[in-house]
Amino acid sequence: LSIACRENSEADEERREAGLRFESIELLGHSGNPAAVPALIEFLDDPEEKVRQLAAVALSRVGSRAAGFFRYGILLGLKTRMVSRGYLR
């Protein structure tokens with residue numbers, strides 16, 4: 001029983017942490033602030049697939065709100081990084 005409780009507790013903690021990362025990504029993505037890009041890129045390495053997916057969507061939001069050359073550079077860099085990690089082909 002003790003082991004099962006510990007496992008449930010660890011799973012609950014992981015869900016809470018993933019929820020916090022989700023909320024952070026949402027806020028950063030909706031901010032439209034190009035300064036959020038480095039933090040969002042870091043979330044592409046998250047162990048949770050849904051967190052990685054949300055980070056990619058948030059990056060596209062920030063990229064679409066950023067100024068011309070900056071947006072192009074970020075999206076080009078993002079695409080290169082996503083291809084190298086196998087997210088895109």
# chains A, B, ... in the order shown; residues from 1 in each chain; ligands from 1
>>> residues_around(residues="Pro38 in chain A", least_positions_apart="4", cutoff="12 Å", atoms="only C-alpha atoms", output="list in words")
Ile25, Leu28, Gly29, Asn33, Pro34, Glu42, Phe43, Leu44, Ala55, Ala58, Leu59, Val62, Gly63, Ile74, Gly77 and Leu78 of chain A
>>> residues_around(residues="Gly19 in chain A", least_positions_apart="5", cutoff="12 Å", atoms="only C-alpha atoms", output="VMD selection string")
chain A and resid 12 to 14 24 to 26 48 50 to 51 54
>>> atom_distance(atom1="CA of Ile41 in chain A", atom2="CA of Ser84 in chain A")
13.4 Å
